[in-house]
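Shown next: my_file_30.txt, containing compact mmCIF, C-alpha atoms and all ligand atoms.
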```txt
# COMPACT_ATOMS: atom_id res chain seq x y z
CA MET A 1 71.34 -9.16 57.64
CA LYS A 2 71.90 -6.90 60.65
CA THR A 3 75.16 -4.96 60.68
CA ALA A 4 76.52 -6.84 63.72
CA ASP A 5 75.73 -10.21 62.13
CA PHE A 6 77.24 -9.12 58.81
CA CYS A 7 80.46 -8.02 60.49
CA ARG A 8 80.75 -11.16 62.62
CA ASP A 9 80.02 -13.58 59.75
CA PHE A 10 82.24 -11.74 57.26
CA ALA A 11 85.19 -11.72 59.67
CA GLN A 12 84.73 -15.36 60.68
CA THR A 13 84.43 -16.54 57.06
CA LEU A 14 87.61 -14.71 56.17
CA VAL A 15 89.49 -16.11 59.17
CA ASN A 16 88.35 -19.67 58.37
CA TRP A 17 89.56 -19.28 54.78
CA PHE A 18 92.89 -17.87 55.90
CA LEU A 19 93.52 -20.60 58.46
CA GLN A 20 93.12 -23.15 55.68
CA TYR A 21 94.74 -21.38 52.73
CA GLY A 22 96.88 -18.55 54.16
CA ARG A 23 100.42 -18.35 52.84
CA ASP A 24 103.31 -19.14 55.11
CA TYR A 25 105.64 -16.14 55.44
CA PRO A 26 108.43 -15.97 58.04
CA TRP A 27 106.83 -12.90 59.67
CA ARG A 28 103.61 -14.87 60.13
CA ARG A 29 105.43 -17.49 62.23
CA THR A 30 106.40 -15.02 64.92
CA THR A 31 104.75 -12.80 67.52
CA ASP A 32 107.97 -10.91 68.27
CA PRO A 33 107.07 -7.20 67.84
CA TRP A 34 110.57 -6.38 66.56
CA ALA A 35 110.39 -9.05 63.85
CA ILE A 36 106.89 -7.84 62.93
CA LEU A 37 108.01 -4.23 62.78
CA VAL A 38 110.98 -5.07 60.55
CA SER A 39 108.76 -7.02 58.13
CA GLU A 40 106.20 -4.21 57.98
CA VAL A 41 108.85 -1.58 57.32
CA MET A 42 110.47 -3.74 54.63
CA LEU A 43 107.11 -4.45 52.99
CA GLN A 44 106.31 -0.75 52.67
CA GLN A 45 107.11 -0.06 48.99
CA THR A 46 109.06 -3.31 48.47
CA THR A 47 107.55 -6.44 46.92
CA ILE A 48 107.00 -9.64 48.92
CA PRO A 49 109.47 -11.73 46.81
CA THR A 50 112.23 -9.13 47.37
CA VAL A 51 111.53 -8.99 51.10
CA LEU A 52 111.40 -12.80 51.32
CA ALA A 53 114.87 -12.96 49.79
CA ARG A 54 116.30 -10.60 52.41
CA TYR A 55 114.22 -10.80 55.60
CA GLU A 56 115.65 -13.81 57.42
CA ALA A 57 119.30 -12.91 56.82
CA TRP A 58 118.57 -9.37 57.98
CA MET A 59 116.88 -10.66 61.15
CA GLN A 60 119.88 -12.89 61.86
CA ARG A 61 122.12 -9.86 61.67
CA TYR A 62 119.83 -7.64 63.77
CA PRO A 63 117.74 -10.09 65.86
CA THR A 64 116.74 -7.47 68.47
CA PRO A 65 116.27 -3.67 68.56
CA SER A 66 119.47 -3.50 70.56
CA HIS A 67 121.53 -5.01 67.71
CA LEU A 68 120.36 -2.35 65.26
CA ALA A 69 120.55 0.41 67.87
CA GLN A 70 124.26 -0.33 68.39
CA ALA A 71 125.13 -0.59 64.66
CA SER A 72 126.67 2.34 62.81
CA GLU A 73 124.39 4.17 60.38
CA GLN A 74 126.72 3.13 57.57
CA ASP A 75 126.31 -0.57 58.42
CA ALA A 76 122.53 -0.17 58.69
CA LEU A 77 122.37 1.52 55.27
CA LEU A 78 124.63 -1.11 53.73
CA SER A 79 122.43 -3.92 55.08
CA TRP A 80 119.40 -2.27 53.42
CA GLU A 81 120.90 -2.12 49.95
CA GLY A 82 118.56 -3.43 47.27
CA LEU A 83 115.46 -2.74 49.37
CA GLY A 84 115.39 0.96 48.42
CA TYR A 85 113.79 3.90 50.24
CA TYR A 86 116.65 4.21 52.70
CA ARG A 87 114.77 6.60 54.97
CA ARG A 88 113.02 3.49 56.25
CA VAL A 89 116.14 1.92 57.73
CA ARG A 90 117.18 5.20 59.34
CA ALA A 91 113.71 5.47 60.93
CA LEU A 92 113.88 1.82 61.98
CA GLN A 93 117.22 2.44 63.65
CA ALA A 94 115.83 5.54 65.39
CA ALA A 95 112.85 3.47 66.63
CA ALA A 96 115.19 0.70 67.83
CA ARG A 97 117.27 3.25 69.76
CA ALA A 98 114.13 4.80 71.30
CA VAL A 99 112.81 1.37 72.39
CA CYS A 100 116.19 0.57 73.99
CA GLU A 101 116.48 3.94 75.72
CA GLN A 102 112.86 4.40 76.82
CA TYR A 103 111.61 0.82 77.30
CA ALA A 104 114.78 -1.21 77.96
CA GLY A 105 114.41 -2.94 74.58
CA VAL A 106 110.81 -4.16 75.17
CA PHE A 107 108.16 -2.83 72.78
CA PRO A 108 105.22 -1.00 74.39
CA GLN A 109 101.74 -2.44 73.87
CA SER A 110 99.79 0.80 73.72
CA GLU A 111 98.94 2.49 70.46
CA SER A 112 99.92 5.95 71.69
CA LYS A 113 103.35 4.77 72.87
CA LEU A 114 103.98 2.92 69.63
CA ARG A 115 102.85 5.96 67.61
CA ALA A 116 105.30 8.11 69.55
CA LEU A 117 108.25 6.04 68.27
CA PRO A 118 110.16 7.48 65.26
CA GLY A 119 108.78 6.45 61.87
CA ILE A 120 105.75 4.57 63.24
CA GLY A 121 102.41 5.79 61.88
CA ASP A 122 98.81 4.55 62.23
CA TYR A 123 99.26 1.59 59.93
CA THR A 124 102.52 0.29 61.43
CA ALA A 125 101.31 0.71 65.01
CA ALA A 126 98.14 -1.27 64.17
CA ALA A 127 100.23 -3.97 62.46
CA VAL A 128 102.41 -4.42 65.57
CA LEU A 129 99.37 -4.40 67.88
CA SER A 130 97.45 -7.00 65.89
CA PHE A 131 100.24 -9.27 64.61
CA ALA A 132 102.41 -9.24 67.74
CA TYR A 133 99.85 -8.74 70.54
CA ASN A 134 96.65 -9.99 68.81
CA LYS A 135 94.83 -6.74 69.62
CA PRO A 136 91.81 -5.77 67.47
CA ALA A 137 93.54 -2.87 65.71
CA PRO A 138 92.07 -2.14 62.26
CA LEU A 139 94.55 -2.10 59.36
CA VAL A 140 94.08 -0.31 56.05
CA ASP A 141 96.71 -0.64 53.35
CA ALA A 142 96.19 -0.46 49.56
CA ASN A 143 95.00 -4.09 49.40
CA VAL A 144 92.54 -3.68 52.25
CA ALA A 145 91.19 -0.40 50.83
CA ARG A 146 90.50 -2.13 47.50
CA VAL A 147 88.70 -5.05 49.17
CA LEU A 148 86.57 -2.80 51.37
CA ALA A 149 85.66 -0.44 48.50
CA ARG A 150 84.35 -3.47 46.61
CA ILE A 151 82.61 -5.18 49.52
CA TYR A 152 80.65 -1.96 50.14
CA ASN A 153 80.47 -1.03 46.44
CA ASP A 154 81.78 2.39 47.44
CA PRO A 155 82.78 4.81 44.63
CA THR A 156 84.24 7.40 47.03
CA PRO A 157 87.87 7.97 45.97
CA ILE A 158 90.05 6.02 48.43
CA ASP A 159 92.71 8.75 48.38
CA SER A 160 90.23 11.48 49.39
CA THR A 161 89.59 12.54 52.99
CA ALA A 162 86.07 11.09 52.89
CA GLY A 163 87.36 7.84 51.36
CA ARG A 164 90.05 7.40 54.01
CA LYS A 165 87.51 8.10 56.76
CA ASN A 166 85.07 5.51 55.32
CA MET A 167 87.80 2.89 55.12
CA ALA A 168 89.00 3.52 58.67
CA GLN A 169 85.46 3.25 60.05
CA ARG A 170 84.67 0.07 58.12
CA ALA A 171 87.96 -1.57 59.03
CA ALA A 172 87.25 -0.77 62.69
CA VAL A 173 83.76 -2.31 62.75
CA LEU A 174 84.73 -5.39 60.75
CA VAL A 175 87.88 -6.41 62.62
CA HIS A 176 87.59 -9.85 64.23
CA ARG A 177 87.43 -9.42 68.01
CA SER A 178 89.04 -12.67 69.14
CA ASN A 179 91.48 -13.39 66.29
CA PRO A 180 92.50 -10.02 64.82
CA ARG A 181 95.96 -11.41 63.99
CA ALA A 182 94.55 -13.93 61.50
CA TYR A 183 91.79 -11.56 60.35
CA ASN A 184 94.13 -8.73 59.36
CA SER A 185 96.47 -11.15 57.57
CA ALA A 186 93.44 -12.66 55.80
CA LEU A 187 92.11 -9.32 54.60
CA MET A 188 95.51 -8.32 53.22
CA GLU A 189 95.99 -11.69 51.59
CA LEU A 190 92.57 -11.57 49.98
CA GLY A 191 93.62 -8.31 48.33
CA GLN A 192 96.97 -9.76 47.25
CA SER A 193 95.73 -13.04 45.81
CA ILE A 194 92.00 -12.91 44.89
CA CYS A 195 90.55 -9.41 45.09
CA ILE A 196 93.39 -8.13 42.94
CA PRO A 197 93.55 -4.81 41.02
CA GLY A 198 91.65 -4.83 37.74
CA ARG A 199 89.62 -8.00 37.32
CA PRO A 200 89.29 -9.90 40.64
CA ASN A 201 88.78 -13.68 40.92
CA CYS A 202 85.28 -13.46 42.37
CA LEU A 203 84.44 -17.06 41.49
CA ILE A 204 86.84 -18.39 44.12
CA CYS A 205 86.39 -15.58 46.63
CA PRO A 206 85.52 -16.79 50.17
CA VAL A 207 83.55 -13.61 50.98
CA ARG A 208 81.58 -13.41 47.76
CA PRO A 209 78.24 -13.79 49.62
CA PHE A 210 79.06 -10.59 51.54
CA CYS A 211 80.22 -8.53 48.57
CA HIS A 212 78.06 -5.77 47.05
CA ALA A 213 80.36 -4.85 44.16
CA GLN A 214 78.45 -4.39 40.90
CA HIS A 215 81.47 -3.71 38.71
CA PRO A 216 84.47 -4.61 40.88
CA GLU A 217 86.93 -4.00 38.03
CA ILE A 218 86.33 -0.24 38.24
CA LEU A 219 86.80 -0.11 42.03
CA PRO A 220 88.44 1.36 43.96
CA VAL A 221 88.19 4.86 42.53
CA LYS A 222 91.23 7.10 42.91
CA ALA A 223 91.03 10.88 42.77
CA ALA A 224 94.47 11.95 41.78
CA LYS A 225 96.73 10.44 39.17
CA ARG A 226 100.35 10.92 40.12
CA GLN A 227 102.36 13.03 37.70
CA ILE A 228 105.70 11.64 36.61
CA THR A 229 108.48 14.22 37.03
CA THR A 230 111.59 13.87 34.91
CA MET A 231 114.98 14.70 36.45
CA GLU A 232 118.43 14.86 34.90
CA HIS A 233 121.82 15.15 36.49
CA TRP A 234 125.43 15.10 35.39
CA ASP A 235 127.97 12.95 37.20
CA ILE A 236 131.68 12.38 36.74
CA TRP A 237 133.80 9.27 36.75
CA GLN A 238 137.30 9.67 38.16
CA LEU A 239 139.21 6.47 38.77
CA THR A 240 142.82 6.84 39.91
CA PRO A 241 145.32 4.56 41.67
CA HIS A 242 143.90 6.01 44.95
CA GLY A 243 140.45 4.70 44.11
CA LEU A 244 137.17 5.93 42.67
CA LEU A 245 136.08 9.47 43.48
CA MET A 246 132.79 9.27 45.43
CA GLU A 247 130.67 11.76 47.31
CA GLN A 248 128.96 11.06 50.65
CA GLN A 249 125.53 12.66 50.76
CA PRO A 250 124.72 15.17 53.52
CA THR A 251 122.24 14.54 56.33
CA THR A 252 119.62 16.67 54.57
CA ALA A 253 119.69 14.57 51.37
CA ARG A 254 117.20 11.87 50.45
CA HIS A 255 119.98 9.26 50.63
CA ALA A 256 121.75 10.78 53.64
CA GLY A 257 125.02 9.03 54.53
CA MET A 258 125.13 7.03 51.30
CA TYR A 259 127.73 7.40 48.57
CA ARG A 260 127.26 8.29 44.93
CA LEU A 261 129.34 9.38 41.96
CA PRO A 262 130.19 13.10 42.25
CA ARG A 263 127.81 15.53 40.60
CA ARG A 264 128.83 18.57 38.54
CA PRO A 265 126.97 21.45 36.84
CA ARG A 266 125.65 20.51 33.42
CA GLU A 267 127.88 22.97 31.51
CA LEU A 268 131.05 21.69 33.17
CA ALA A 269 130.15 18.00 32.76
CA GLN A 270 129.23 18.48 29.11
CA SER A 271 132.72 19.83 28.36
CA LEU A 272 134.10 16.41 29.40
CA PRO A 273 134.05 13.15 27.41
CA HIS A 274 130.70 11.41 27.65
CA ILE A 275 130.74 7.79 28.91
CA CYS A 276 127.10 6.69 29.07
CA ASP A 277 123.58 7.57 30.24
CA GLN A 278 121.59 5.69 32.86
CA THR A 279 117.82 5.96 33.25
CA TYR A 280 115.80 4.64 36.18
CA ALA A 281 112.53 5.30 38.01
CA ILE A 282 112.07 6.17 41.71
CA THR A 283 108.53 6.74 43.03
CA ARG A 284 107.17 9.51 40.78
CA TYR A 285 110.50 10.48 39.28
CA LYS A 286 112.09 9.35 36.04
CA VAL A 287 115.79 10.02 36.47
CA THR A 288 118.43 10.27 33.75
CA ARG A 289 122.05 10.37 34.79
CA HIS A 290 124.65 11.55 32.23
CA LEU A 291 128.07 10.24 33.12
CA HIS A 292 131.25 12.01 31.96
CA ARG A 293 134.90 11.15 32.40
CA ALA A 294 136.71 13.63 34.68
CA ARG A 295 139.97 15.26 33.69
CA GLY A 296 143.02 14.26 35.70
CA ASP A 297 143.37 17.77 37.15
CA MET A 298 139.90 17.90 38.76
CA SER A 299 140.38 17.96 42.50
CA PRO A 300 137.83 16.52 44.96
CA GLN A 301 135.24 18.95 46.36
CA ASN A 302 133.59 18.94 49.81
CA ALA A 303 132.39 15.51 50.95
CA GLU A 304 134.19 13.87 48.02
CA GLN A 305 136.91 11.32 48.60
CA TYR A 306 138.73 8.55 46.79
CA ILE A 307 137.46 5.14 47.86
CA PRO A 308 139.89 2.28 47.13
CA ILE A 309 138.28 -0.24 44.82
CA ASP A 310 138.48 -3.03 47.37
CA ARG A 311 136.51 -0.84 49.84
CA LEU A 312 133.65 -0.01 47.48
CA GLU A 313 131.70 -3.04 48.64
CA SER A 314 131.72 -1.83 52.23
CA ILE A 315 130.22 1.61 51.63
CA PRO A 316 126.44 2.06 51.25
CA MET A 317 125.11 3.05 47.82
CA ALA A 318 121.60 3.15 46.34
CA SER A 319 120.99 0.31 43.89
CA PRO A 320 121.24 2.38 40.65
CA ASP A 321 124.59 3.81 41.82
CA ARG A 322 125.98 0.41 42.80
CA LYS A 323 124.86 -1.11 39.49
CA LEU A 324 126.51 1.63 37.46
CA VAL A 325 129.75 1.54 39.41
CA LEU A 326 130.04 -2.26 39.11
CA LYS A 327 129.23 -2.15 35.39
CA LEU A 328 131.84 0.51 34.65
CA LEU A 329 134.52 -1.08 36.80
CA THR A 330 134.10 -4.21 34.73
CA GLU A 331 133.79 -2.56 31.35
CA LEU A 332 136.02 0.51 31.29
CA PRO A 333 139.56 0.11 30.00
CA GLU A 334 141.11 2.16 32.82
CA GLN A 335 140.42 -0.72 35.17
CA THR A 336 142.94 -2.73 33.15
CA HIS A 337 145.35 0.20 33.43
CA LEU A 338 144.90 0.29 37.17
CA ASP A 339 145.52 -3.43 37.50
CA GLU A 340 148.63 -3.01 35.43
CA ALA A 341 149.79 -0.05 37.56
CA LYS A 342 149.30 -2.09 40.72
CA LYS A 343 151.28 -4.99 39.28
CA GLN A 344 154.13 -2.64 38.30
CA LYS A 345 154.12 -1.14 41.79
CA LYS A 346 154.40 -4.60 43.32
CA LEU A 347 157.19 -5.67 40.93
CA SER A 348 159.23 -2.55 41.63
CA GLY A 349 158.76 -3.16 45.37
CA ARG A 350 157.43 0.35 45.92
S1 LIG B 401 83.55 -11.07 45.42
FE1 LIG B 401 85.08 -10.27 43.99
S2 LIG B 401 85.04 -8.07 44.28
FE2 LIG B 401 83.98 -8.98 46.02
S3 LIG B 401 85.58 -9.17 47.58
FE3 LIG B 401 85.49 -11.11 46.49
S4 LIG B 401 87.03 -10.91 44.84
FE4 LIG B 401 86.62 -8.86 45.64
```
File written out as structure tokens:
Amino acid sequence: MKTADFCRDFAQTLVNWFLQYGRDYPWRRTTDPWAILVSEVMLQQTTIPTVLARYEAWMQRYPTPSHLAQASEQDALLSWEGLGYYRRVRALQAAARAVCEQYAGVFPQSESKLRALPGIGDYTAAAVLSFAYNKPAPLVDANVARVLARIYNDPTPIDSTAGRKNMAQRAAVLVHRSNPRAYNSALMELGQSICIPGRPNCLICPVRPFCHAQHPEILPVKAAKRQITTMEHWDIWQLTPHGLLMEQQPTTARHAGMYRLPRRPRELAQSLPHICDQTYAITRYKVTRHLHRARGDMSPQNAEQYIPIDRLESIPMASPDRKLVLKLLTELPEQTHLDEAKKQKKLSGR
């Protein structure tokens, strides 16, 4: 089959399959570039079920770029809790502000103007162009790279320069010219549901006649295995009638603007009573937090402040921090003491 015929027939077969079997997601029912952008940013590094549980409520709260542009950073971070990777919401807010300031709240339709917005790279710009404006912009995410490596039976590592170049070129020649919106969704969905990692379901694959994979289970090839780095830190727990001692992270930190339990040098923390350890994973890090009970005479340091317990819900925290704080507030005996102290205060009329 000639290349042009192969591309046309492959794309059309995939589109036909998608129009019949494609899943119904809220972001597939809209052509609003803002709604598309939000879904794409949420779906980066967050699973579809988690995004599905949060997307519509989030869109109701911030239905246009202007709504997010006008929100405080603290509110934006708080609304993102549970989705992780908080840099994304800061970049989304920066993009919303740029669209409002430079384009009166209307998204541009050119790739270069989209790419110039904060936090928008090749992939996200192509997603907005194809899903919102139905432009034939080729998309390559992890699912698409896997499908294309198998279709072309290509052993070039997909995370190498040559592999990325191959994928970009193939995605560009294959993209459906008249229905790129459905085609890009179809290609991604094929990778999510049929051409899955490991052993794909080739028997029910709509593009099986076009596929050259000999041993699809070993494709795609990846060059570098990511090393897991272990990290440890020592935090303190200081709950007083003024509230829980928390630290707001500086603008240079990974979780800028968010709150966490205050951190102390290992030697100092280890001289205090140990409460518990918490272990969790973030990207390539395995983190262990050792939590120690502060002494009453430890005064707050820079950026540390007491947050009244009834205000803890309104400050942004990363999920592991929020989980730990909630667990300890429920389990630790000093909570009972605090409740008792509050009652006494009320009774004495002070
Ligand atoms: S035939 Fe199998 S390996 Fe080829 S694209 Fe379909 S599911 Fe993937």
* To do: Let me have all residues with an atom within 7 Å of ligand LIG 401 (chain B), counting only C-alpha atoms and all ligand atoms, laid out as a ChimeraX atom specification.
  => /A:147,150-151,194-195,200-202,205-208,211-213,216
* Asked: Expressed in Å to a single decimal, how great is the separation between atom CA of Asn184 of chain A and atom CA of Tyr55 of chain A?
  -> 20.5 Å
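Using only C-alpha atoms, the smallest distance between any of A:Thr161, A:Arg260, A:Pro155, A:Glu247 and Gln214 of chain A comes from A:Pro155.
A straight line drawn from atom CA of Ala256 of chain A to atom CA of Ile307 of chain A is 17.7 Å long.
Across the structure, atom CA of Asp24 of chain A and atom CA of Ala125 of chain A are spaced 22.3 Å apart.
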Around segment 123-133 of chain A, fit a box with edges along x, y and z, padding it by 6 Å on each side, then list its centre and edge lengths in Å to one decimal as JSON.
```
{"center_x": 100.0, "center_y": -3.8, "center_z": 65.2, "size_x": 17.1, "size_y": 22.9, "size_z": 22.6}
```
With all atoms listed in the file as the counted atoms, please give the residues lying no more than 7 Å from segment 267-277 of chain A, apart from itself and same-chain residues fewer than 3 positions off, as a PDB file with C-alpha atoms, in the coordinates of the input.
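Final file, result.pdb:
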```pdb
ATOM      1  CA  TRP A 234     125.430  15.100  35.390  1.00  0.00           C
ATOM      2  CA  ARG A 264     128.830  18.570  38.540  1.00  0.00           C
ATOM      3  CA  THR A 288     118.430  10.270  33.750  1.00  0.00           C
ATOM      4  CA  ARG A 289     122.050  10.370  34.790  1.00  0.00           C
ATOM      5  CA  HIS A 290     124.650  11.550  32.230  1.00  0.00           C
ATOM      6  CA  LEU A 291     128.070  10.240  33.120  1.00  0.00           C
ATOM      7  CA  HIS A 292     131.250  12.010  31.960  1.00  0.00           C
ATOM      8  CA  ARG A 293     134.900  11.150  32.400  1.00  0.00           C
ATOM      9  CA  ALA A 294     136.710  13.630  34.680  1.00  0.00           C
TER      10      ALA A 294
END
```
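Compared by their closest atoms to Gln102 of chain A, and using all atoms listed in the file, the residues A:Leu117, A:His255, A:Ala132, A:Arg88 rank with A:Leu117 nearest.
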* Asked: Taking into account all atoms listed in the file, which residue in the set A:Gln45, A:Ser319, A:Thr240, A:Ser130 is nearest to Ala182 of chain A?
  -> A:Ser130
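Of the residues listed (A:Arg115, A:Arg266, A:Lys222, A:Arg87), A:Arg115 shows the shortest atom-to-atom separation from Ala127 of chain A; distances use all atoms listed in the file.
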Could you name the residues that touch Val144 of chain A at 9 Å or less, counting all atoms listed in the file, but leaving out those on the same chain fewer than 6 positions away, as a CSV table (one decimal) with C-alpha atoms, in the frame of the given file?
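part-v9.csv, freshly written:
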```csv
chain,number,residue,atom,x,y,z
A,167,MET,CA,87.8,2.9,55.1
A,171,ALA,CA,88.0,-1.6,59.0
A,184,ASN,CA,94.1,-8.7,59.4
A,187,LEU,CA,92.1,-9.3,54.6
A,188,MET,CA,95.5,-8.3,53.2
A,189,GLU,CA,96.0,-11.7,51.6
A,190,LEU,CA,92.6,-11.6,50.0
A,191,GLY,CA,93.6,-8.3,48.3
```
